[in-house]
file protein_19.csv (CSV, N, CA and C atoms)
chain,number,residue,atom,x,y,z
A,230,MET,N,0.9,109.6,-0.6
A,230,MET,CA,2.2,109.0,-0.3
A,230,MET,C,2.1,108.5,1.2
A,231,ALA,N,2.9,107.5,1.4
A,231,ALA,CA,2.9,106.9,2.8
A,231,ALA,C,4.3,106.6,3.1
A,232,THR,N,4.6,106.6,4.4
A,232,THR,CA,5.9,106.2,4.9
A,232,THR,C,5.7,105.4,6.2
A,233,ILE,N,6.7,104.5,6.5
A,233,ILE,CA,6.7,103.8,7.7
A,233,ILE,C,7.9,104.2,8.5
A,234,ASP,N,7.7,104.7,9.6
A,234,ASP,CA,8.8,105.2,10.5
A,234,ASP,C,9.0,104.2,11.6
A,235,VAL,N,10.2,103.7,11.8
A,235,VAL,CA,10.5,102.7,12.8
A,235,VAL,C,11.5,103.4,13.7
A,236,THR,N,11.2,103.5,15.0
A,236,THR,CA,12.1,104.0,16.0
A,236,THR,C,12.7,102.8,16.8
A,237,ILE,N,14.0,102.7,16.7
A,237,ILE,CA,14.6,101.6,17.4
A,237,ILE,C,14.7,101.8,18.9
A,238,PRO,N,14.3,100.8,19.7
A,238,PRO,CA,14.3,101.0,21.2
A,238,PRO,C,15.7,101.2,21.7
A,239,GLU,N,15.9,102.0,22.7
A,239,GLU,CA,17.2,102.2,23.3
A,239,GLU,C,17.0,101.6,24.7
A,240,GLU,N,17.9,100.7,25.1
A,240,GLU,CA,17.9,100.0,26.4
A,240,GLU,C,16.5,99.4,26.6
A,241,LYS,N,15.9,98.8,25.6
A,241,LYS,CA,14.6,98.1,25.7
A,241,LYS,C,13.4,99.0,25.9
A,242,PHE,N,13.5,100.3,25.7
A,242,PHE,CA,12.4,101.2,25.9
A,242,PHE,C,12.3,102.1,24.6
A,243,GLY,N,11.1,102.5,24.3
A,243,GLY,CA,10.9,103.5,23.3
A,243,GLY,C,10.8,103.1,21.8
A,244,GLY,N,10.7,101.8,21.5
A,244,GLY,CA,10.5,101.4,20.1
A,244,GLY,C,9.1,101.7,19.7
A,245,LEU,N,9.0,102.1,18.4
A,245,LEU,CA,7.7,102.5,17.9
A,245,LEU,C,7.6,102.4,16.4
A,246,VAL,N,6.5,101.9,15.9
A,246,VAL,CA,6.3,101.9,14.4
A,246,VAL,C,5.1,102.8,14.1
A,247,CYS,N,5.3,103.7,13.2
A,247,CYS,CA,4.2,104.6,12.7
A,247,CYS,C,4.0,104.5,11.2
A,248,LEU,N,2.8,104.4,10.8
A,248,LEU,CA,2.4,104.5,9.4
A,248,LEU,C,1.9,105.9,9.2
A,249,LYS,N,2.5,106.6,8.3
A,249,LYS,CA,2.1,108.0,8.1
A,249,LYS,C,1.7,108.2,6.6
A,250,TYR,N,0.5,108.8,6.5
A,250,TYR,CA,0.0,109.2,5.1
A,250,TYR,C,0.2,110.7,4.9
A,251,TRP,N,0.6,111.0,3.7
A,251,TRP,CA,0.9,112.4,3.4
A,251,TRP,C,0.0,112.9,2.2
A,252,THR,N,-0.3,114.1,2.1
A,252,THR,CA,-1.0,114.7,0.9
A,252,THR,C,0.0,115.7,0.3
A,253,ARG,N,-0.2,115.9,-1.0
A,253,ARG,CA,0.6,116.8,-1.7
A,253,ARG,C,0.2,118.3,-1.4
A,254,GLY,N,1.1,119.1,-1.1
A,254,GLY,CA,0.9,120.5,-0.8
A,254,GLY,C,0.8,121.3,-2.1
A,255,SER,N,0.6,122.6,-2.0
A,255,SER,CA,0.5,123.5,-3.1
A,255,SER,C,1.8,123.9,-3.7
A,256,LEU,N,2.9,123.8,-2.9
A,256,LEU,CA,4.2,124.1,-3.4
A,256,LEU,C,4.9,122.9,-4.0
A,257,VAL,N,5.9,123.1,-4.8
A,257,VAL,CA,6.7,122.0,-5.5
A,257,VAL,C,7.4,121.2,-4.4
A,258,ALA,N,7.2,119.9,-4.4
A,258,ALA,CA,7.9,119.0,-3.5
A,258,ALA,C,7.4,119.2,-2.1
A,259,GLU,N,6.2,119.7,-1.9
A,259,GLU,CA,5.7,119.9,-0.5
A,259,GLU,C,4.7,118.8,-0.2
A,260,TYR,N,4.9,118.2,0.9
A,260,TYR,CA,3.9,117.2,1.4
A,260,TYR,C,3.5,117.5,2.8
A,261,LEU,N,2.2,117.3,3.1
A,261,LEU,CA,1.7,117.6,4.4
A,261,LEU,C,1.2,116.4,5.1
A,262,LEU,N,1.5,116.2,6.3
A,262,LEU,CA,1.1,115.0,7.1
A,262,LEU,C,-0.4,115.0,7.2
A,263,SER,N,-1.0,113.9,6.8
A,263,SER,CA,-2.4,113.7,6.8
A,263,SER,C,-2.9,112.9,7.9
A,264,THR,N,-2.3,111.7,8.1
A,264,THR,CA,-2.8,110.8,9.1
A,264,THR,C,-1.6,110.0,9.7
A,265,VAL,N,-1.6,109.8,11.0
A,265,VAL,CA,-0.6,109.0,11.7
A,265,VAL,C,-1.3,107.8,12.4
A,266,ILE,N,-0.8,106.6,12.1
A,266,ILE,CA,-1.3,105.4,12.7
A,266,ILE,C,-0.2,104.8,13.5
A,267,TYR,N,-0.3,104.8,14.8
A,267,TYR,CA,0.7,104.2,15.7
A,267,TYR,C,0.5,102.7,15.7
A,268,GLU,N,1.6,101.9,15.6
A,268,GLU,CA,1.5,100.4,15.6
A,268,GLU,C,0.4,99.9,14.7
A,269,PRO,N,0.5,100.1,13.4
A,269,PRO,CA,-0.5,99.6,12.5
A,269,PRO,C,-0.7,98.1,12.5
A,270,HIS,N,0.3,97.3,12.9
A,270,HIS,CA,0.3,95.9,13.0
A,270,HIS,C,0.9,95.6,14.4
A,271,SER,N,0.1,95.3,15.4
A,271,SER,CA,0.6,95.2,16.8
A,271,SER,C,1.3,93.9,17.0
A,272,ASP,N,1.1,92.9,16.1
A,272,ASP,CA,1.8,91.6,16.3
A,272,ASP,C,3.2,91.5,15.7
A,273,ALA,N,3.5,92.3,14.7
A,273,ALA,CA,4.8,92.2,14.1
A,273,ALA,C,5.0,93.5,13.3
A,274,GLN,N,6.3,93.6,12.7
A,274,GLN,CA,6.6,94.7,11.9
A,274,GLN,C,5.9,94.7,10.6
A,275,VAL,N,5.7,95.9,10.0
A,275,VAL,CA,5.1,96.0,8.6
A,275,VAL,C,6.2,95.4,7.6
A,276,SER,N,5.7,94.5,6.7
A,276,SER,CA,6.6,93.9,5.7
A,276,SER,C,6.4,94.6,4.4
A,277,SER,N,5.2,95.1,4.1
A,277,SER,CA,5.0,95.8,2.8
A,277,SER,C,3.9,96.7,2.8
A,278,LEU,N,3.9,97.6,1.8
A,278,LEU,CA,2.8,98.7,1.7
A,278,LEU,C,2.6,98.8,0.2
A,279,ALA,N,1.3,98.8,-0.2
A,279,ALA,CA,1.0,99.0,-1.6
A,279,ALA,C,-0.3,99.8,-1.7
A,280,PHE,N,-0.3,100.7,-2.8
A,280,PHE,CA,-1.4,101.5,-3.1
A,280,PHE,C,-2.2,101.0,-4.3
A,281,ARG,N,-3.5,101.2,-4.3
A,281,ARG,CA,-4.3,100.9,-5.5
A,281,ARG,C,-4.4,102.1,-6.3
A,282,PRO,N,-3.8,102.1,-7.5
A,282,PRO,CA,-3.8,103.4,-8.3
A,282,PRO,C,-5.2,103.8,-8.7
A,283,GLY,N,-5.4,105.1,-8.6
A,283,GLY,CA,-6.7,105.7,-8.9
A,283,GLY,C,-7.8,105.6,-7.9
A,284,HIS,N,-7.4,105.0,-6.7
A,284,HIS,CA,-8.4,104.8,-5.6
A,284,HIS,C,-7.7,105.3,-4.3
A,285,ASN,N,-8.5,105.7,-3.4
A,285,ASN,CA,-8.0,106.0,-2.1
A,285,ASN,C,-7.9,104.8,-1.2
A,286,MET,N,-7.0,103.9,-1.6
A,286,MET,CA,-6.9,102.6,-0.9
A,286,MET,C,-5.5,102.1,-0.8
A,287,ALA,N,-5.1,101.5,0.3
A,287,ALA,CA,-3.8,101.0,0.4
A,287,ALA,C,-3.9,99.7,1.2
A,288,VAL,N,-2.9,98.8,1.1
A,288,VAL,CA,-2.8,97.6,1.9
A,288,VAL,C,-1.4,97.5,2.5
A,289,THR,N,-1.4,97.1,3.8
A,289,THR,CA,-0.2,96.8,4.5
A,289,THR,C,-0.2,95.3,4.9
A,290,SER,N,1.0,94.7,4.9
A,290,SER,CA,1.1,93.4,5.5
A,290,SER,C,2.2,93.3,6.5
A,291,SER,N,2.1,92.3,7.3
A,291,SER,CA,3.1,92.2,8.4
A,291,SER,C,3.9,90.9,8.3
A,292,TYR,N,5.0,90.8,9.0
A,292,TYR,CA,5.7,89.6,9.1
A,292,TYR,C,5.0,88.6,10.0
A,293,GLY,N,4.0,89.0,10.7
A,293,GLY,CA,3.2,88.1,11.5
A,293,GLY,C,2.1,87.3,10.7
A,294,GLY,N,1.9,87.7,9.4
A,294,GLY,CA,1.0,86.9,8.6
A,294,GLY,C,-0.4,87.6,8.5
A,295,ASP,N,-0.5,88.8,8.8
A,295,ASP,CA,-1.8,89.5,8.6
A,295,ASP,C,-1.7,90.7,7.6
A,296,PHE,N,-2.8,91.1,7.1
A,296,PHE,CA,-2.8,92.3,6.2
A,296,PHE,C,-4.0,93.2,6.6
A,297,LYS,N,-3.9,94.5,6.3
A,297,LYS,CA,-4.9,95.4,6.6
A,297,LYS,C,-5.2,96.3,5.3
A,298,ILE,N,-6.4,96.5,5.1
A,298,ILE,CA,-6.8,97.4,4.0
A,298,ILE,C,-7.2,98.7,4.6
A,299,TRP,N,-6.5,99.8,4.1
A,299,TRP,CA,-6.7,101.1,4.6
A,299,TRP,C,-7.4,102.0,3.5
A,300,VAL,N,-8.4,102.7,3.9
A,300,VAL,CA,-9.1,103.6,3.0
A,300,VAL,C,-9.1,105.0,3.5
A,301,HIS,N,-9.1,106.0,2.5
A,301,HIS,CA,-9.2,107.4,2.9
A,301,HIS,C,-10.6,107.9,2.6
A,302,GLY,N,-11.1,108.6,3.6
A,302,GLY,CA,-12.4,109.2,3.4
A,302,GLY,C,-12.8,110.0,4.6
A,303,SER,N,-14.0,110.4,4.7
A,303,SER,CA,-14.5,111.3,5.8
A,303,SER,C,-15.5,110.5,6.5
A,304,HIS,N,-15.6,110.8,7.8
A,304,HIS,CA,-16.6,110.2,8.7
A,304,HIS,C,-17.0,111.1,9.8
A,305,ALA,N,-18.1,110.9,10.4
A,305,ALA,CA,-18.6,111.8,11.5
A,305,ALA,C,-17.8,111.4,12.8
A,306,ASP,N,-17.5,112.5,13.5
A,306,ASP,CA,-16.9,112.3,14.8
A,306,ASP,C,-17.8,111.6,15.8
A,307,ARG,N,-17.3,110.6,16.5
A,307,ARG,CA,-18.2,109.8,17.4
A,307,ARG,C,-18.9,110.7,18.5
A,308,ASN,N,-18.1,111.7,19.0
A,308,ASN,CA,-18.7,112.5,20.1
A,308,ASN,C,-19.6,113.6,19.5
A,309,ASN,N,-19.3,114.1,18.3
A,309,ASN,CA,-20.1,115.2,17.8
A,309,ASN,C,-20.3,114.9,16.3
A,310,GLU,N,-21.5,114.4,15.9
A,310,GLU,CA,-21.7,114.0,14.5
A,310,GLU,C,-21.7,115.1,13.5
A,311,SER,N,-21.8,116.4,14.0
A,311,SER,CA,-21.7,117.5,13.1
A,311,SER,C,-20.3,117.8,12.6
A,312,ILE,N,-19.3,117.2,13.3
A,312,ILE,CA,-17.9,117.4,12.9
A,312,ILE,C,-17.5,116.2,12.0
A,313,GLN,N,-17.0,116.6,10.8
A,313,GLN,CA,-16.6,115.6,9.8
A,313,GLN,C,-15.0,115.5,9.9
A,314,ARG,N,-14.6,114.3,10.0
A,314,ARG,CA,-13.1,114.0,10.1
A,314,ARG,C,-12.7,113.3,8.8
A,315,THR,N,-11.5,113.7,8.3
A,315,THR,CA,-11.0,113.0,7.1
A,315,THR,C,-9.7,112.4,7.4
A,316,GLY,N,-9.4,111.3,6.7
A,316,GLY,CA,-8.1,110.7,7.0
A,316,GLY,C,-8.2,109.2,6.6
A,317,TRP,N,-7.1,108.5,6.9
A,317,TRP,CA,-7.0,107.1,6.6
A,317,TRP,C,-7.5,106.3,7.8
A,318,ARG,N,-8.2,105.2,7.5
A,318,ARG,CA,-8.6,104.3,8.6
A,318,ARG,C,-8.6,102.8,8.1
A,319,CYS,N,-8.5,101.9,9.0
A,319,CYS,CA,-8.5,100.5,8.6
A,319,CYS,C,-9.9,100.1,8.3
A,320,GLN,N,-10.1,99.5,7.1
A,320,GLN,CA,-11.4,99.0,6.7
A,320,GLN,C,-11.6,97.5,6.9
A,321,SER,N,-10.5,96.8,6.7
A,321,SER,CA,-10.6,95.3,6.8
A,321,SER,C,-9.3,94.7,7.3
A,322,VAL,N,-9.4,93.6,7.9
A,322,VAL,CA,-8.2,92.9,8.4
A,322,VAL,C,-8.3,91.4,8.0
A,323,GLY,N,-7.2,90.8,7.5
A,323,GLY,CA,-7.2,89.4,7.1
A,323,GLY,C,-5.9,88.8,7.5
A,324,SER,N,-5.8,87.5,7.3
A,324,SER,CA,-4.5,86.8,7.5
A,324,SER,C,-4.2,85.9,6.4
A,325,TYR,N,-2.9,85.4,6.4
A,325,TYR,CA,-2.5,84.5,5.4
A,325,TYR,C,-1.4,83.6,6.0
A,326,LYS,N,-1.2,82.5,5.4
A,326,LYS,CA,-0.1,81.5,5.8
A,326,LYS,C,1.0,81.6,4.8
A,327,TYR,N,2.2,81.4,5.3
A,327,TYR,CA,3.4,81.4,4.4
A,327,TYR,C,3.4,80.1,3.6

call {"tool": "encode", "arguments": {"input": "protein_19.csv", "output": "C-alpha coordinates"}}
result
Amino acid sequence: MATIDVTIPEEKFGGLVCLKYWTRGSLVAEYLLSTVIYEPHSDAQVSSLAFRPGHNMAVTSSYGGDFKIWVHGSHADRNNESIQRTGWRCQSVGSYKY
(Lines of atoms letter the chains of each structure in order from A and count residues from 1; the text may use other names and numbers.)
(Lines give C-alpha, C1' and ligand atoms only; values in the text may rest on other atoms or scores of the structure.)
Protein backbone atom coordinates (compact mmCIF):
# COMPACT_ATOMS: atom_id res chain seq x y z
CA MET A 1 0.00 0.00 0.00
CA ALA A 2 1.17 3.55 -0.60
CA THR A 3 0.03 6.98 0.48
CA ILE A 4 0.97 10.48 -0.55
CA ASP A 5 1.07 12.94 2.33
CA VAL A 6 0.95 16.64 1.51
CA THR A 7 1.71 19.18 4.23
CA ILE A 8 0.40 22.62 3.35
CA PRO A 9 2.92 25.39 4.04
CA GLU A 10 2.03 27.91 6.70
CA GLU A 11 3.17 31.45 6.05
CA LYS A 12 5.24 30.20 3.06
CA PHE A 13 7.27 27.74 5.16
CA GLY A 14 7.00 24.03 5.85
CA GLY A 15 5.29 22.56 2.78
CA LEU A 16 6.31 18.96 2.10
CA VAL A 17 5.24 16.02 -0.05
CA CYS A 18 6.03 12.47 1.10
CA LEU A 19 5.47 9.20 -0.71
CA LYS A 20 5.04 6.45 1.89
CA TYR A 21 5.03 2.71 1.23
CA TRP A 22 3.45 0.38 3.79
CA THR A 23 3.59 -3.38 4.41
CA ARG A 24 0.84 -5.46 5.93
CA GLY A 25 1.44 -6.41 9.55
CA SER A 26 0.53 -9.62 11.30
CA LEU A 27 -2.60 -8.17 12.96
CA VAL A 28 -5.88 -7.46 11.20
CA ALA A 29 -5.84 -4.01 9.56
CA GLU A 30 -2.26 -3.41 10.71
CA TYR A 31 0.14 -1.67 8.33
CA LEU A 32 3.78 -0.87 9.03
CA LEU A 33 5.69 1.97 7.43
CA SER A 34 8.25 0.51 5.03
CA THR A 35 9.76 3.41 3.09
CA VAL A 36 9.43 7.21 3.11
CA ILE A 37 10.46 9.22 0.05
CA TYR A 38 10.58 12.98 0.55
CA GLU A 39 9.67 15.11 -2.48
CA PRO A 40 9.32 12.20 -4.95
CA HIS A 41 8.82 14.69 -7.79
CA SER A 42 10.78 17.84 -7.05
CA ASP A 43 9.35 19.79 -9.99
CA ALA A 44 5.64 19.44 -9.22
CA GLN A 45 2.99 17.68 -7.13
CA VAL A 46 2.27 13.98 -7.61
CA SER A 47 -0.74 13.58 -9.90
CA SER A 48 -1.20 9.79 -9.78
CA LEU A 49 0.07 6.54 -8.31
CA ALA A 50 -0.46 3.05 -9.74
CA PHE A 51 0.73 -0.42 -8.77
CA ARG A 52 1.50 -3.32 -11.07
CA PRO A 53 -0.48 -6.27 -9.66
CA GLY A 54 1.63 -9.29 -8.73
CA HIS A 55 4.91 -7.39 -8.93
CA ASN A 56 6.83 -5.16 -6.56
CA MET A 57 6.50 -2.17 -8.88
CA ALA A 58 4.67 1.16 -8.82
CA VAL A 59 4.59 4.26 -11.03
CA THR A 60 4.01 7.86 -10.00
CA SER A 61 3.43 10.80 -12.31
CA SER A 62 3.51 14.51 -11.66
CA TYR A 63 1.72 17.59 -12.88
CA GLY A 64 5.12 18.68 -14.27
CA GLY A 65 5.01 15.98 -16.96
CA ASP A 66 7.37 13.34 -15.61
CA PHE A 67 6.93 9.84 -14.25
CA LYS A 68 9.00 7.55 -12.05
CA ILE A 69 9.05 3.78 -11.80
CA TRP A 70 9.54 2.54 -8.23
CA VAL A 71 10.65 -1.00 -7.39
CA HIS A 72 10.84 -2.84 -4.09
CA GLY A 73 13.88 -4.93 -3.36
CA SER A 74 17.05 -5.27 -1.38
CA HIS A 75 20.44 -3.76 -2.10
CA ALA A 76 23.79 -3.47 -0.35
CA ASP A 77 24.49 -0.43 1.79
CA ARG A 78 26.96 1.91 0.04
CA ASN A 79 29.09 2.30 3.16
CA ASN A 80 29.00 -1.33 4.26
CA GLU A 81 28.25 -3.94 1.60
CA SER A 82 27.60 -6.61 4.24
CA ILE A 83 24.43 -4.74 5.29
CA GLN A 84 21.40 -5.42 3.10
CA ARG A 85 18.72 -2.75 2.94
CA THR A 86 15.19 -3.35 1.73
CA GLY A 87 12.68 -0.83 0.55
CA TRP A 88 11.38 1.09 -2.41
CA ARG A 89 13.67 3.01 -4.75
CA CYS A 90 13.35 4.85 -8.03
CA GLN A 91 14.44 2.64 -10.92
CA SER A 92 13.61 4.86 -13.92
CA VAL A 93 12.55 8.39 -14.74
CA GLY A 94 10.77 9.55 -17.89
CA SER A 95 8.72 12.45 -19.17
CA TYR A 96 5.67 13.04 -21.33
CA LYS A 97 3.89 15.91 -23.03
CA TYR A 98 0.24 16.79 -22.52

call {"tool": "atom_distance", "arguments": {"input": "protein_19.csv", "atom1": "atom C of Lys297 in chain A", "atom2": "atom C of Ser255 in chain A"}}
result
29.9 Å

call {"tool": "atom_distance", "arguments": {"input": "protein_19.csv", "atom1": "atom N of Glu239 in chain A", "atom2": "atom C of Ser291 in chain A"}}
result
21.8 Å

call {"tool": "atom_distance", "arguments": {"input": "protein_19.csv", "atom1": "atom N of Arg253 in chain A", "atom2": "atom C of Ala231 in chain A"}}
result
11.1 Å

call {"tool": "closest_residue", "arguments": {"input": "protein_19.csv", "among": "A:Tyr292, A:Trp317, A:Phe280, A:Tyr267", "to": "Leu245 in chain A", "atoms": "only N, CA and C atoms"}}
result
A:Tyr267

call {"tool": "closest_residue", "arguments": {"input": "protein_19.csv", "among": "A:Pro269, A:Val288, A:Gln274, A:Leu261", "to": "Ile237 in chain A", "atoms": "only C-alpha atoms"}}
result
A:Gln274

call {"tool": "select_by_dssp", "arguments": {"input": "protein_19.csv", "residues": "range 234-303 of chain A", "states": "strand (DSSP E or B)", "output": "ChimeraX atom specification"}}
result
/A:234-236,239,242,245-253,260-267,275-280,286-291,295-303

call {"tool": "residues_around", "arguments": {"input": "protein_19.csv", "residues": "Phe296 in chain A", "least_positions_apart": "6", "cutoff": "7 Å", "atoms": "all atoms listed in the file", "output": "number ranges by chain"}}
result
A: 288-290, 321-325

call {"tool": "residues_around", "arguments": {"input": "protein_19.csv", "residues": "Val246 in chain A", "least_positions_apart": "2", "cutoff": "6.5 Å", "atoms": "all atoms listed in the file", "output": "PDB file with N, CA and C atoms, keeping the file's coordinate frame"}}
result
ATOM      1  N   ILE A 233       6.700 104.500   6.500  1.00  0.00           N
ATOM      2  CA  ILE A 233       6.700 103.800   7.700  1.00  0.00           C
ATOM      3  C   ILE A 233       7.900 104.200   8.500  1.00  0.00           C
ATOM      4  N   ASP A 234       7.700 104.700   9.600  1.00  0.00           N
ATOM      5  CA  ASP A 234       8.800 105.200  10.500  1.00  0.00           C
ATOM      6  C   ASP A 234       9.000 104.200  11.600  1.00  0.00           C
ATOM      7  N   VAL A 235      10.200 103.700  11.800  1.00  0.00           N
ATOM      8  CA  VAL A 235      10.500 102.700  12.800  1.00  0.00           C
ATOM      9  C   VAL A 235      11.500 103.400  13.700  1.00  0.00           C
ATOM     10  N   THR A 236      11.200 103.500  15.000  1.00  0.00           N
ATOM     11  CA  THR A 236      12.100 104.000  16.000  1.00  0.00           C
ATOM     12  C   THR A 236      12.700 102.800  16.800  1.00  0.00           C
ATOM     13  N   GLY A 244      10.700 101.800  21.500  1.00  0.00           N
ATOM     14  CA  GLY A 244      10.500 101.400  20.100  1.00  0.00           C
ATOM     15  C   GLY A 244       9.100 101.700  19.700  1.00  0.00           C
ATOM     16  N   LEU A 248       2.800 104.400  10.800  1.00  0.00           N
ATOM     17  CA  LEU A 248       2.400 104.500   9.400  1.00  0.00           C
ATOM     18  C   LEU A 248       1.900 105.900   9.200  1.00  0.00           C
ATOM     19  N   ILE A 266      -0.800 106.600  12.100  1.00  0.00           N
ATOM     20  CA  ILE A 266      -1.300 105.400  12.700  1.00  0.00           C
ATOM     21  C   ILE A 266      -0.200 104.800  13.500  1.00  0.00           C
ATOM     22  N   TYR A 267      -0.300 104.800  14.800  1.00  0.00           N
ATOM     23  CA  TYR A 267       0.700 104.200  15.700  1.00  0.00           C
ATOM     24  C   TYR A 267       0.500 102.700  15.700  1.00  0.00           C
ATOM     25  N   GLU A 268       1.600 101.900  15.600  1.00  0.00           N
ATOM     26  CA  GLU A 268       1.500 100.400  15.600  1.00  0.00           C
ATOM     27  C   GLU A 268       0.400  99.900  14.700  1.00  0.00           C
ATOM     28  N   PRO A 269       0.500 100.100  13.400  1.00  0.00           N
ATOM     29  CA  PRO A 269      -0.500  99.600  12.500  1.00  0.00           C
ATOM     30  C   PRO A 269      -0.700  98.100  12.500  1.00  0.00           C
TER      31      PRO A 269
END

call {"tool": "residues_around", "arguments": {"input": "protein_19.csv", "residues": "Ala287 in chain A", "least_positions_apart": "3", "cutoff": "8 Å", "atoms": "all atoms listed in the file", "output": "number ranges by chain"}}
result
A: 278-282, 284, 290, 297-301
